[in-house]
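These notes concern the structure reproduced below.
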Amino acid sequence: MKTANLTLIALLSLLIAGCSQQSEDSPVNALLITGGCCHDYDFQKQALTNGIAQHAPIKWTIVQEGGDSKDFQSKLYNNPDWAKDYDVVVHNECFANTKDPEYISKIVDAHRQGVSAVVIHCAMHTYRAAEVDDWREFLGVTTRRHDHQSRYPVTVTNPSHPIMKDFPSDWVSPMDELYIIEKLWPNAKALATGTSEKTKDTHPVFWTNEYGKARVFGTTFGHTNDTIADPQFQEIVSRGLLWAARRL
């Protein structure tokens, strides 16, 4: 009887190991939400998805809506299960004047319940006009403005984090905007910072956040096509996506 039990345990262990390996090797189901003002989202959606796919197995779904509007509201979020089929949602949209708190709650509730996210550049200024802080708490940062475009040297502040593995200590961004971070929320942790050329203040440019059951990786870079197409930028966003999806 003892031998039979040991054999059963061994078989179960092999089965569990096999399932874990299949899970790790299977594609990440990712939803990219993009569109809005001020950026070349036609280019960015292709450069991001193709670039990240060089570093990770991704099954992409792309939703691009809103034209160059600043106050668009997507019907996607009318479905309470809008995010249930995805391991991670990439937010790269720019709708600063959308401010309906009920609409915003439809988005963040899905993340709070466990759908992880990557947030890029103008996602941080999306819903900027809203009086409620729901979106900002989800992002992990509060920001309402940015410095001029420049090439910003990046200082790694958390080199032991797996997202930052092998990130070069001398990386300088392509031409981009430095967002002024007014607040880093309690569950957010800076991974790297940039320095304002005007005030000499430092601001997070890469960070992680824990929001409910979700992991969030964020970067304020991504204004220009040069940044989006930069191999080092694509690599760190890939690592952030894998970390958010619990594959790193």
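Chain lettering (A, B, ...) mirrors the order of the structure tokens, residue numbering begins at 1 for each chain separately, and ligand numbering begins at 1 in order of display.
For segment 46-183 of chain A, the set of residues given alpha helix (DSSP H) by DSSP on the backbone reads Gln46, Ala47, Leu48, Thr49, Asn50, Gly51, Ile52, Ala53, Pro101, Glu102, Tyr103, Ile104, Ser105, Lys106, Ile107, Val108, Asp109, Ala110, His111, Arg112, Asp134, Trp135, Arg136, Glu137, Phe138 and Leu139 of chain A.
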Worksheet item: Within 9 Å of Glu182 of chain A, counting only C-alpha atoms, which residues qualify if same-chain residues fewer than 5 places away don't, as a ChimeraX atom specification?
Response: /A:141-144,203
With a cut-off of 10 Å, could you pull out the residues of segment 119-223 of chain A touching segment 58-75 of chain A and give me the nearest pair of atoms for each, distance in Å to one decimal, using only C-alpha atoms, ordered by chain and ascending number, as a tab-separated table?
```
residue	atom	partner	partner_atom	distance
A:Thr126	CA	A:Lys70	CA	8.4
A:Tyr127	CA	A:Asp71	CA	8.3
A:Ala129	CA	A:Asp71	CA	9.6
```
Discussion item. Residues near Ser116 of chain A, anyone? I mean within 8 Å using only C-alpha atoms, not counting same-chain ones fewer than 2 positions away, as a list in words.
Written reply: Asp87, Val88, Val89, His111, Gly114, Val118, Lys213, Ala214, Arg215, Val216, Ala244 and Ala245 of chain A
Based on the selection just made, write N, CA and C atoms of those residues as a short mmCIF file (atom, residue, chain, number, x, y, z; two decimals), in the first residue's frame.
```cif
data_model
loop_
_atom_site.label_atom_id
_atom_site.label_comp_id
_atom_site.auth_asym_id
_atom_site.auth_seq_id
_atom_site.Cartn_x
_atom_site.Cartn_y
_atom_site.Cartn_z
N ASP A 87 -4.69 37.83 -19.78
CA ASP A 87 -3.74 37.76 -18.67
C ASP A 87 -3.26 39.15 -18.27
N VAL A 88 -3.24 40.05 -19.24
CA VAL A 88 -2.74 41.40 -18.99
C VAL A 88 -3.36 42.35 -20.02
N VAL A 89 -3.63 43.57 -19.59
CA VAL A 89 -4.14 44.63 -20.46
C VAL A 89 -3.10 45.73 -20.55
N HIS A 111 -9.57 45.44 -13.11
CA HIS A 111 -8.19 45.29 -12.68
C HIS A 111 -8.10 44.96 -11.19
N GLY A 114 -8.29 41.40 -10.42
CA GLY A 114 -7.18 40.51 -10.72
C GLY A 114 -6.59 40.57 -12.12
N VAL A 118 -0.24 46.84 -17.98
CA VAL A 118 0.90 47.68 -18.30
C VAL A 118 0.33 49.03 -18.72
N LYS A 213 -5.99 42.68 -6.61
CA LYS A 213 -5.32 41.43 -6.95
C LYS A 213 -4.41 41.56 -8.17
N ALA A 214 -4.33 42.76 -8.73
CA ALA A 214 -3.60 42.97 -9.98
C ALA A 214 -2.20 43.50 -9.75
N ARG A 215 -1.31 43.14 -10.66
CA ARG A 215 0.00 43.76 -10.76
C ARG A 215 -0.05 44.78 -11.90
N VAL A 216 0.64 45.90 -11.69
CA VAL A 216 0.70 46.95 -12.71
C VAL A 216 2.16 47.35 -12.91
N ALA A 244 3.92 41.47 -14.81
CA ALA A 244 2.51 41.71 -14.50
C ALA A 244 1.69 40.46 -14.69
N ALA A 245 2.01 39.69 -15.74
CA ALA A 245 1.27 38.46 -16.04
C ALA A 245 1.76 37.27 -15.21
#
```
Practice prompt. Please return as a ChimeraX atom specification: the residues of segment 7-227 of chain A that backbone DSSP assigns to strand (DSSP E).
Written response: /A:28-36,58-64,88-94,116-120,141-150,155-156,176-184,188-195,202-211,214-219
Worksheet item: Skipping near chain neighbours, those fewer than 5 positions away, what residues fall within 10 Å of Thr157 of chain A using only C-alpha atoms, listed as a ChimeraX atom specification?
Response: /A:164,189-193,204,206-207
Write to file, as a PDB file, in the first residue's frame, the residues of the selection just made, with C-alpha atoms.
```pdb
ATOM      1  CA  MET A 164      15.395  45.620 -14.257  1.00  0.00           C
ATOM      2  CA  LYS A 189       7.539  51.255  -6.038  1.00  0.00           C
ATOM      3  CA  ALA A 190       9.876  53.180  -8.322  1.00  0.00           C
ATOM      4  CA  LEU A 191      12.263  51.101 -10.419  1.00  0.00           C
ATOM      5  CA  ALA A 192      14.056  53.982 -12.158  1.00  0.00           C
ATOM      6  CA  THR A 193      13.920  57.766 -12.290  1.00  0.00           C
ATOM      7  CA  PRO A 204       9.791  57.841 -11.517  1.00  0.00           C
ATOM      8  CA  PHE A 206       9.490  52.993 -14.527  1.00  0.00           C
ATOM      9  CA  TRP A 207       7.593  51.546 -11.554  1.00  0.00           C
TER      10      TRP A 207
END
```
